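Colleague: What follows is a structure written as structure tokens; I'll ask about it next.
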Amino acid sequence: MSGTARRIPVVNLSHYRTGTPGERARFVRVFGDGLKEFGFVTVEGHGVDDGLIRRTYSDVERFFGLPESVKARYSEAERGGQRGYIGYGQEHAKNRKVGDLKEFWHVGRELPPGHRYHQVYGPNIWPEEVPTFREHTLSLFRALDGAAGVMLQALAEYFGLERDTFSGMATDGNSVLRLIHYPPLKERFIPGGVRAAEHEDINLITLLCEGTAGGLELLTRDGEWLPVDTLRGQIVVDSGDMLSRVTNTIIPATTHRVVNPRGTDEDTVRYSMPFFVHPYADCVLQPLPFTQTTDNPARHAPITADAFLKQRLREIGLLK
């Protein structure tokens, strides 16, 4: 099948949550097959309120419209950019030197004092110039976190595993909501730069609310770049390196990118809000027993999620 004819599968999460046995079984099959084939699936009926997404985008636009000197006050570069503001061009794809043409903000999990990971993950930072920023981003974080947990349960069911096999890894995980601003390139182009150069995500799965403009593309197993267009009310889900490690590459960490606008008419601002689902810090990433066969022996040595995260943050220029 040619790249132009191919589409990533579309599923409805409400079919898994409250559907008939047949609907539930179909969701599990299509969701699992989609991640195995493409590393990408489009999800509808996810239960994340559309109004909340709009309100959060409004706050994001307000923040990134602030002067550079104000935004810079919220930078925490010494922590690898895991909370607060990360400036334009600071992150680059693995094995690239030129920074991506974007700036972004990270919101992490809120844990109570005394929790075993409270000090490990650290506190969030909040911009006082946007009073509703904290309320809206934390509400969106919780909604996406809940939807991700259900999807991970369905994935475990796909493999015939205990339902909490993957969702248990993400319980109290070091997940991050990334709020991204891609300015028009005529304003801030860096020679050789791409809005988001080709890369694989670090984490288990990523939930991506529809962006405000196009440009997302995935690399198929046939080596073709396939545009990924999301409609309002849809979330794109993709698999990352950590899920690939624990499934021993049965599910790939799919390469994807956000391409530059192709002409002046398309050179508009773009915002997006990916939610990166991470395991808890000392979760050991190693191939699950069922994935290891004579034809597919263990491809990676065990490593904790925190150690793997720090290794990758160094590779993309966020941790020195």
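If you're wondering about the labels, chains in the structure tokens are A, B, ... by order shown, residues count from 1 in each chain, ligands from 1 in order shown.
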Skipping near chain neighbours, those fewer than 2 positions away, what residues fall within 8 Å of Pro252 in chain A using only C-alpha atoms, listed as a list in words?

Modeller: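 Near Pro252 in chain A, the qualifying residues are Leu35, Lys36, Phe38, Gly39, Ser239, Gly240, Asp241, Leu243, Ser244, Thr249, Ile250 and Thr254 of chain A.
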
Colleague: Could you check the closest approach to Ala305 in chain A for each of A:Val150, A:Ile202, A:Leu318, A:Cys283 and tell me which residue wins, using only C-alpha atoms?

Modeller: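 When distances to Ala305 in chain A are compared using only C-alpha atoms, the smallest one comes from A:Cys283.
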
Colleague: Residues at most 10 Å from Phe275 in chain A, counting only C-alpha atoms, excluding those fewer than 6 positions away in the same chain, as a list in words?

Modeller: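 These residues fall inside the cut-off: His106, Val107, Gly108, Leu140, Phe141, Leu144, Asp145, Ala148, Ser175, Val176, Leu177, Arg178, Leu179, Asn203, Ile205, Thr206, Leu207, Leu208, Cys209 and Val237 of chain A.
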
Colleague: Would you return as a PDB file with N, CA and C atoms, in the first residue's frame the members of range 217-260 of chain A that DSSP assigns to alpha helix (DSSP H) on this structure's backbone?

Modeller:
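Final output, part-v3.pdb:
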```
ATOM      1  N   ASP A 241      10.617   5.096  23.446  1.00  0.00           N
ATOM      2  CA  ASP A 241      11.746   4.192  23.669  1.00  0.00           C
ATOM      3  C   ASP A 241      11.541   3.259  24.859  1.00  0.00           C
ATOM      4  N   MET A 242      10.955   3.771  25.941  1.00  0.00           N
ATOM      5  CA  MET A 242      10.802   2.936  27.130  1.00  0.00           C
ATOM      6  C   MET A 242       9.839   1.780  26.885  1.00  0.00           C
ATOM      7  N   LEU A 243       8.743   2.037  26.160  1.00  0.00           N
ATOM      8  CA  LEU A 243       7.822   0.944  25.823  1.00  0.00           C
ATOM      9  C   LEU A 243       8.493  -0.035  24.871  1.00  0.00           C
ATOM     10  N   SER A 244       9.288   0.481  23.943  1.00  0.00           N
ATOM     11  CA  SER A 244      10.009  -0.405  23.032  1.00  0.00           C
ATOM     12  C   SER A 244      10.970  -1.314  23.798  1.00  0.00           C
ATOM     13  N   ARG A 245      11.611  -0.768  24.829  1.00  0.00           N
ATOM     14  CA  ARG A 245      12.550  -1.574  25.622  1.00  0.00           C
ATOM     15  C   ARG A 245      11.829  -2.701  26.367  1.00  0.00           C
ATOM     16  N   VAL A 246      10.703  -2.390  27.011  1.00  0.00           N
ATOM     17  CA  VAL A 246      10.042  -3.420  27.822  1.00  0.00           C
ATOM     18  C   VAL A 246       9.305  -4.432  26.950  1.00  0.00           C
TER      19      VAL A 246
END
```

Colleague: Mind running range 206-314 of chain A against range 109-126 of chain A at 10 Å and telling me each contacting residue's nearest atom pair with the distance in Å (one decimal), counting only C-alpha atoms, chain and number ascending, as a Markdown table?

Modeller:
```
| residue | atom | partner | partner_atom | distance |
| --- | --- | --- | --- | --- |
| A:Tyr280 | CA | A:Tyr117 | CA | 8.1 |
| A:Ala281 | CA | A:Tyr117 | CA | 7.5 |
| A:Asp282 | CA | A:Tyr117 | CA | 9.5 |
| A:Asp306 | CA | A:Val120 | CA | 9.2 |
```

Colleague: Those selected residues, please, written with N, CA and C atoms and delivered as a PDB file, in the first residue's frame.

Modeller:
```
ATOM      1  N   TYR A 280       7.584   5.335  36.981  1.00  0.00           N
ATOM      2  CA  TYR A 280       8.152   5.860  38.217  1.00  0.00           C
ATOM      3  C   TYR A 280       9.672   5.716  38.153  1.00  0.00           C
ATOM      4  N   ALA A 281      10.374   6.549  38.921  1.00  0.00           N
ATOM      5  CA  ALA A 281      11.819   6.753  38.737  1.00  0.00           C
ATOM      6  C   ALA A 281      12.647   5.479  38.796  1.00  0.00           C
ATOM      7  N   ASP A 282      12.374   4.589  39.778  1.00  0.00           N
ATOM      8  CA  ASP A 282      13.224   3.405  39.919  1.00  0.00           C
ATOM      9  C   ASP A 282      12.610   2.160  39.269  1.00  0.00           C
ATOM     10  N   ASP A 306      14.761   6.369  35.588  1.00  0.00           N
ATOM     11  CA  ASP A 306      15.421   7.639  35.884  1.00  0.00           C
ATOM     12  C   ASP A 306      16.783   7.716  35.205  1.00  0.00           C
TER      13      ASP A 306
END
```

Colleague: Which residue gives the smallest distance to Leu285 in chain A among A:Val194, A:Ala170, A:Val70, A:Leu218, with only C-alpha atoms counted?

Modeller: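 The closest residue to Leu285 in chain A is A:Ala170.
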
Colleague: Considering only C-alpha atoms, return as a PDB file with C-alpha atoms, in the first residue's frame whatever protein or nucleic-acid residues lie within 12 Å of range 270-273 of chain A, sequence-local ones (same chain, fewer than 5 positions apart) excluded.

Modeller:
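Wrote it out as out_23.pdb, contents follow:
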```
ATOM      1  CA  ILE A  53      -7.988  21.938  25.979  1.00  0.00           C
ATOM      2  CA  ARG A  54      -9.109  25.322  24.551  1.00  0.00           C
ATOM      3  CA  THR A  56      -5.167  25.648  28.275  1.00  0.00           C
ATOM      4  CA  TYR A  57      -4.166  26.654  24.744  1.00  0.00           C
ATOM      5  CA  SER A  58      -5.352  30.185  25.552  1.00  0.00           C
ATOM      6  CA  ASP A  59      -3.122  30.278  28.631  1.00  0.00           C
ATOM      7  CA  VAL A  60      -0.198  28.878  26.651  1.00  0.00           C
ATOM      8  CA  GLU A  61      -0.596  31.595  24.025  1.00  0.00           C
ATOM      9  CA  ARG A  62      -0.681  34.256  26.726  1.00  0.00           C
ATOM     10  CA  PHE A  63       2.504  32.970  28.340  1.00  0.00           C
ATOM     11  CA  PHE A  64       4.547  32.682  25.160  1.00  0.00           C
ATOM     12  CA  LEU A 101      12.795  25.881  16.254  1.00  0.00           C
ATOM     13  CA  LYS A 102      10.592  25.926  19.353  1.00  0.00           C
ATOM     14  CA  GLU A 103      10.321  26.970  22.986  1.00  0.00           C
ATOM     15  CA  PHE A 104       8.291  25.109  25.586  1.00  0.00           C
ATOM     16  CA  TRP A 105       7.141  24.737  29.183  1.00  0.00           C
ATOM     17  CA  HIS A 106       7.042  21.584  31.320  1.00  0.00           C
ATOM     18  CA  VAL A 107       4.432  20.751  33.951  1.00  0.00           C
ATOM     19  CA  THR A 137      -2.510  22.710  33.061  1.00  0.00           C
ATOM     20  CA  LEU A 140      -5.299  18.713  31.715  1.00  0.00           C
ATOM     21  CA  PHE A 141      -2.399  16.713  33.183  1.00  0.00           C
ATOM     22  CA  LEU A 144      -4.541  12.881  30.134  1.00  0.00           C
ATOM     23  CA  VAL A 176       5.400  15.577  31.867  1.00  0.00           C
ATOM     24  CA  LEU A 177       2.943  17.831  30.031  1.00  0.00           C
ATOM     25  CA  ARG A 178       4.901  19.821  27.459  1.00  0.00           C
ATOM     26  CA  LEU A 179       3.381  23.059  26.158  1.00  0.00           C
ATOM     27  CA  ILE A 180       5.106  23.999  22.895  1.00  0.00           C
ATOM     28  CA  HIS A 181       5.279  27.246  20.922  1.00  0.00           C
ATOM     29  CA  TYR A 182       6.607  27.165  17.357  1.00  0.00           C
ATOM     30  CA  PRO A 183       6.861  30.800  16.163  1.00  0.00           C
ATOM     31  CA  PRO A 184       6.654  31.727  12.472  1.00  0.00           C
ATOM     32  CA  LEU A 185      10.036  30.975  10.904  1.00  0.00           C
ATOM     33  CA  ARG A 195      10.573  22.806  14.104  1.00  0.00           C
ATOM     34  CA  ALA A 196      11.142  19.350  15.587  1.00  0.00           C
ATOM     35  CA  THR A 206       2.752  10.056  24.366  1.00  0.00           C
ATOM     36  CA  LEU A 207      -0.730  11.545  24.178  1.00  0.00           C
ATOM     37  CA  LEU A 208      -0.862  14.508  21.809  1.00  0.00           C
ATOM     38  CA  CYS A 209      -3.884  16.809  21.805  1.00  0.00           C
ATOM     39  CA  GLU A 210      -4.517  18.157  18.319  1.00  0.00           C
ATOM     40  CA  GLY A 211      -2.036  20.871  17.410  1.00  0.00           C
ATOM     41  CA  THR A 212      -3.149  24.300  16.202  1.00  0.00           C
ATOM     42  CA  ALA A 213      -1.487  23.735  12.807  1.00  0.00           C
ATOM     43  CA  GLY A 214      -0.223  20.800  10.750  1.00  0.00           C
ATOM     44  CA  GLY A 215       3.307  19.525  10.269  1.00  0.00           C
ATOM     45  CA  LEU A 216       3.520  16.277  12.266  1.00  0.00           C
ATOM     46  CA  THR A 230      -5.616  15.268  13.935  1.00  0.00           C
ATOM     47  CA  ILE A 235      -5.686  12.598  20.483  1.00  0.00           C
ATOM     48  CA  VAL A 236      -2.736  10.981  18.722  1.00  0.00           C
ATOM     49  CA  VAL A 258       7.365  18.404  12.844  1.00  0.00           C
ATOM     50  CA  VAL A 259       8.320  19.833   9.466  1.00  0.00           C
ATOM     51  CA  ASN A 260       8.844  23.490   8.678  1.00  0.00           C
ATOM     52  CA  PRO A 261       6.075  25.386   6.863  1.00  0.00           C
TER      53      PRO A 261
END
```

Colleague: Select, from A:Val28, A:Ile251, A:Val228, A:Val130, the residue with the minimum atom-to-atom distance to Glu157 in chain A, counting only C-alpha atoms.

Modeller: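 Ranking A:Val28, A:Ile251, A:Val228, A:Val130 by distance to Glu157 in chain A, first place goes to A:Val28.
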
Colleague: Please report, as number ranges by chain, each residue of range 74-187 of chain A to which DSSP assigns strand (DSSP E or B) when run on this structure's backbone.

Modeller: A: 75, 84-86, 103-108, 176-182

Colleague: Could those residues be written to a file, using C-alpha atoms, as a compact mmCIF listing (two decimals), in the first residue's frame?

Modeller:
```
# COMPACT_ATOMS: atom_id res chain seq x y z
CA SER A 75 13.98 28.65 33.44
CA GLY A 84 9.23 25.44 33.83
CA TYR A 85 10.49 27.26 30.74
CA ILE A 86 12.94 25.97 28.12
CA GLU A 103 10.32 26.97 22.99
CA PHE A 104 8.29 25.11 25.59
CA TRP A 105 7.14 24.74 29.18
CA HIS A 106 7.04 21.58 31.32
CA VAL A 107 4.43 20.75 33.95
CA GLY A 108 5.13 17.64 36.02
CA VAL A 176 5.40 15.58 31.87
CA LEU A 177 2.94 17.83 30.03
CA ARG A 178 4.90 19.82 27.46
CA LEU A 179 3.38 23.06 26.16
CA ILE A 180 5.11 24.00 22.90
CA HIS A 181 5.28 27.25 20.92
CA TYR A 182 6.61 27.17 17.36
```

Colleague: Report as JSON, numbers by chain all protein, DNA and RNA residues lying within 8 Å of Leu219 in chain A, evaluated on only C-alpha atoms, omitting residues in the same chain fewer than 4 positions from it.

Modeller: {"A": [223, 224, 225, 226, 254, 255, 256]}

Colleague: Generate a file of the selected residues that holds N, CA and C atoms, formatted as a PDB file, in the first residue's frame.

Modeller:
```pdb
ATOM      1  N   GLY A 223       9.870   3.225   5.314  1.00  0.00           N
ATOM      2  CA  GLY A 223      10.760   4.348   5.083  1.00  0.00           C
ATOM      3  C   GLY A 223      10.107   5.558   4.445  1.00  0.00           C
ATOM      4  N   GLU A 224       8.772   5.636   4.510  1.00  0.00           N
ATOM      5  CA  GLU A 224       8.051   6.785   3.956  1.00  0.00           C
ATOM      6  C   GLU A 224       7.580   7.696   5.084  1.00  0.00           C
ATOM      7  N   TRP A 225       7.602   9.019   4.834  1.00  0.00           N
ATOM      8  CA  TRP A 225       7.073   9.988   5.783  1.00  0.00           C
ATOM      9  C   TRP A 225       5.574  10.132   5.551  1.00  0.00           C
ATOM     10  N   LEU A 226       4.803   9.890   6.609  1.00  0.00           N
ATOM     11  CA  LEU A 226       3.344   9.887   6.535  1.00  0.00           C
ATOM     12  C   LEU A 226       2.793  11.024   7.387  1.00  0.00           C
ATOM     13  N   THR A 254       8.597   4.886  17.300  1.00  0.00           N
ATOM     14  CA  THR A 254       8.514   5.359  15.924  1.00  0.00           C
ATOM     15  C   THR A 254       9.133   6.746  15.757  1.00  0.00           C
ATOM     16  N   THR A 255       9.956   6.878  14.737  1.00  0.00           N
ATOM     17  CA  THR A 255      10.563   8.159  14.404  1.00  0.00           C
ATOM     18  C   THR A 255       9.494   9.100  13.858  1.00  0.00           C
ATOM     19  N   HIS A 256       9.507  10.343  14.343  1.00  0.00           N
ATOM     20  CA  HIS A 256       8.568  11.342  13.843  1.00  0.00           C
ATOM     21  C   HIS A 256       9.216  12.722  13.881  1.00  0.00           C
TER      22      HIS A 256
END
```

Colleague: Of the residues A:Arg83, A:Thr247, A:Gly149, A:Leu138, which is the one nearest to Pro297 in chain A, using only C-alpha atoms?

Modeller: A:Thr247

Colleague: Which of these, A:Pro227, A:Gly99, A:Gly146, A:Pro131, has the shortest distance to Phe189 in chain A once you count only C-alpha atoms?

Modeller: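 That would be A:Gly99, the residue with the smallest distance to Phe189 in chain A.
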
Colleague: Between A:Phe166, A:Ile190, A:Glu315, A:Pro67, which is the closest to Val98 in chain A once you count only C-alpha atoms?

Modeller: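 When distances to Val98 in chain A are compared using only C-alpha atoms, the smallest one comes from A:Ile190.
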
Colleague: Would you mind listing what lies within 10 Å of Gly34 in chain A as a PyMOL selection string, with only C-alpha atoms counted and same-chain residues fewer than 3 positions away left out?

Modeller: chain A and resi 8-11+28-31+37-42+237-238+251
